[in-house]
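Next comes protein_6.pdb, with PDB, C-alpha atoms, pLDDT in the B column.
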```pdb
MODEL        1
ATOM      1  CA  MET T  98    -171.156 -93.539 217.709  1.00 59.00           C
ATOM      2  CA  PRO T  99    -174.645 -95.049 217.526  1.00 66.00           C
ATOM      3  CA  SER T 100    -177.255 -93.310 215.420  1.00 70.00           C
ATOM      4  CA  VAL T 101    -180.280 -91.527 216.808  1.00 65.00           C
ATOM      5  CA  ASN T 102    -182.507 -94.323 215.479  1.00 68.00           C
ATOM      6  CA  THR T 103    -180.501 -96.953 217.352  1.00 76.00           C
ATOM      7  CA  ILE T 104    -180.595 -94.972 220.571  1.00 72.00           C
ATOM      8  CA  SER T 105    -184.331 -94.276 220.168  1.00 73.00           C
ATOM      9  CA  SER T 106    -185.030 -97.946 219.527  1.00 77.00           C
ATOM     10  CA  VAL T 107    -183.057 -99.048 222.580  1.00 81.00           C
ATOM     11  CA  VAL T 108    -184.823 -96.486 224.756  1.00 78.00           C
ATOM     12  CA  ASN T 109    -188.244 -97.476 223.392  1.00 76.00           C
ATOM     13  CA  TYR T 110    -187.597-101.193 223.969  1.00 82.00           C
ATOM     14  CA  THR T 111    -186.321-100.480 227.483  1.00 83.00           C
ATOM     15  CA  LEU T 112    -189.399 -98.423 228.319  1.00 78.00           C
ATOM     16  CA  ALA T 113    -191.658-101.108 226.834  1.00 79.00           C
ATOM     17  CA  PHE T 114    -189.933-103.717 229.003  1.00 84.00           C
ATOM     18  CA  LEU T 115    -190.330-101.552 232.106  1.00 79.00           C
ATOM     19  CA  SER T 116    -193.995-100.965 231.244  1.00 76.00           C
ATOM     20  CA  CYS T 117    -194.584-104.710 230.955  1.00 78.00           C
ATOM     21  CA  LEU T 118    -192.750-105.304 234.200  1.00 78.00           C
ATOM     22  CA  LEU T 119    -194.764-102.644 236.005  1.00 75.00           C
ATOM     23  CA  ALA T 120    -198.004-103.952 234.528  1.00 74.00           C
ATOM     24  CA  GLY T 121    -197.164-107.339 235.973  1.00 74.00           C
ATOM     25  CA  LEU T 122    -196.437-105.752 239.336  1.00 71.00           C
ATOM     26  CA  GLN T 123    -199.701-103.792 239.333  1.00 72.00           C
ATOM     27  CA  GLY T 124    -201.483-106.479 241.302  1.00 74.00           C
ATOM     28  CA  PHE T 125    -198.458-106.946 243.533  1.00 72.00           C
ATOM     29  CA  ASP T 126    -198.497-105.391 246.989  1.00 73.00           C
ATOM     30  CA  TRP T 127    -195.563-102.947 246.946  1.00 70.00           C
ATOM     31  CA  LEU T 128    -196.241-102.056 250.542  1.00 74.00           C
ATOM     32  CA  ALA T 129    -194.775-105.400 251.606  1.00 79.00           C
ATOM     33  CA  PHE T 130    -191.337-103.992 250.721  1.00 81.00           C
ATOM     34  CA  PHE T 131    -191.772-100.209 250.822  1.00 83.00           C
ATOM     35  CA  ASP T 132    -193.879 -97.820 252.799  1.00 86.00           C
ATOM     36  CA  ALA T 133    -196.562 -95.888 250.912  1.00 81.00           C
ATOM     37  CA  GLU T 134    -194.422 -92.755 250.559  1.00 88.00           C
ATOM     38  CA  THR T 135    -191.467 -94.637 249.045  1.00 87.00           C
ATOM     39  CA  ALA T 136    -193.706 -96.570 246.636  1.00 78.00           C
ATOM     40  CA  LEU T 137    -195.219 -93.277 245.458  1.00 82.00           C
ATOM     41  CA  LYS T 138    -191.736 -91.804 244.937  1.00 88.00           C
ATOM     42  CA  ILE T 139    -190.719 -94.835 242.846  1.00 82.00           C
ATOM     43  CA  VAL T 140    -193.781 -94.579 240.613  1.00 79.00           C
ATOM     44  CA  ALA T 141    -193.396 -90.806 240.266  1.00 84.00           C
ATOM     45  CA  GLY T 142    -189.736 -91.211 239.343  1.00 85.00           C
ATOM     46  CA  LEU T 143    -190.546 -93.801 236.675  1.00 79.00           C
ATOM     47  CA  ASN T 144    -193.253 -91.545 235.234  1.00 81.00           C
ATOM     48  CA  LEU T 145    -190.854 -88.593 235.174  1.00 86.00           C
ATOM     49  CA  LEU T 146    -188.215 -90.726 233.465  1.00 83.00           C
ATOM     50  CA  GLY T 147    -190.751 -91.824 230.837  1.00 79.00           C
ATOM     51  CA  LEU T 148    -191.837 -88.253 230.129  1.00 84.00           C
ATOM     52  CA  SER T 149    -188.237 -87.076 229.878  1.00 86.00           C
ATOM     53  CA  VAL T 150    -187.327 -89.811 227.406  1.00 82.00           C
ATOM     54  CA  LYS T 151    -190.414 -89.147 225.279  1.00 83.00           C
ATOM     55  CA  ALA T 152    -189.557 -85.433 225.185  1.00 86.00           C
ATOM     56  CA  TRP T 153    -185.965 -86.246 224.237  1.00 84.00           C
ATOM     57  CA  ILE T 154    -187.101 -88.552 221.435  1.00 83.00           C
ATOM     58  CA  ALA T 155    -189.516 -85.939 220.091  1.00 84.00           C
ATOM     59  CA  THR T 156    -186.740 -83.318 220.145  1.00 88.00           C
ATOM     60  CA  ALA T 157    -184.287 -85.659 218.402  1.00 84.00           C
ATOM     61  CA  GLU T 158    -186.833 -86.482 215.695  1.00 85.00           C
ATOM     62  CA  GLN T 159    -187.567 -82.789 215.143  1.00 88.00           C
ATOM     63  CA  MET T 160    -183.863 -81.995 214.895  1.00 89.00           C
ATOM     64  CA  ALA T 161    -183.371 -84.844 212.396  1.00 85.00           C
ATOM     65  CA  ARG T 162    -186.238 -83.528 210.238  1.00 88.00           C
ATOM     66  CA  GLN T 163    -184.773 -80.027 210.389  1.00 90.00           C
ATOM     67  CA  MET T 164    -181.317 -81.308 209.385  1.00 88.00           C
ATOM     68  CA  GLN T 165    -182.839 -83.184 206.424  1.00 86.00           C
ATOM     69  CA  GLN T 166    -184.640 -80.048 205.256  1.00 88.00           C
ATOM     70  CA  GLU T 167    -181.480 -77.963 205.537  1.00 86.00           C
ATOM     71  CA  ALA T 168    -179.499 -80.554 203.588  1.00 83.00           C
ATOM     72  CA  LYS T 169    -181.873 -80.302 200.594  1.00 73.00           C
TER      73      LYS T 169
ENDMDL
END
```
Same coordinates, now as structure tokens:
Amino acid sequence: MPSVNTISSVVNYTLAFLSCLLAGLQGFDWLAFFDAETALKIVAGLNLLGLSVKAWIATAEQMARQMQQEAK
């Protein structure tokens, strides 16, 4: 089973890649492929995913710190 650090690193690199990809698409006209409502749903979903992952990482780090303190 992969460690929390490995999972966190993979998630962080994936989010960084998506951020770079979206930054490149910022000047791109999404409305050529999606209507305005769908484009807004896509962006909102990506933002929600990013917030969820950041909250999960913060929780995992806090749990790891707590486990280290209990082990001492």
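Nearest-residue note for T:Ile104: choosing from T:Asp126, T:Ile154, T:Ser116, T:Gly121, the minimum distance belongs to T:Ile154, counting all atoms listed in the file.
In this structure, atom CA of T:Arg162 sits 24.2 Å away from atom CA of T:Thr111.
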So that I can check the surroundings of stretch 139-141 of chain T, please list as JSON, numbers by chain every protein, DNA and RNA residue that reaches within 12 Å of it, counting only C-alpha atoms and ignoring chain neighbours fewer than 2 positions away.
{"T": [115, 116, 119, 120, 122, 123, 127, 128, 131, 132, 133, 134, 135, 136, 137, 143, 144, 145, 146, 147, 148]}
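The space between atom CA of T:Phe125 and atom CA of T:Tyr110 spans 23.1 Å.
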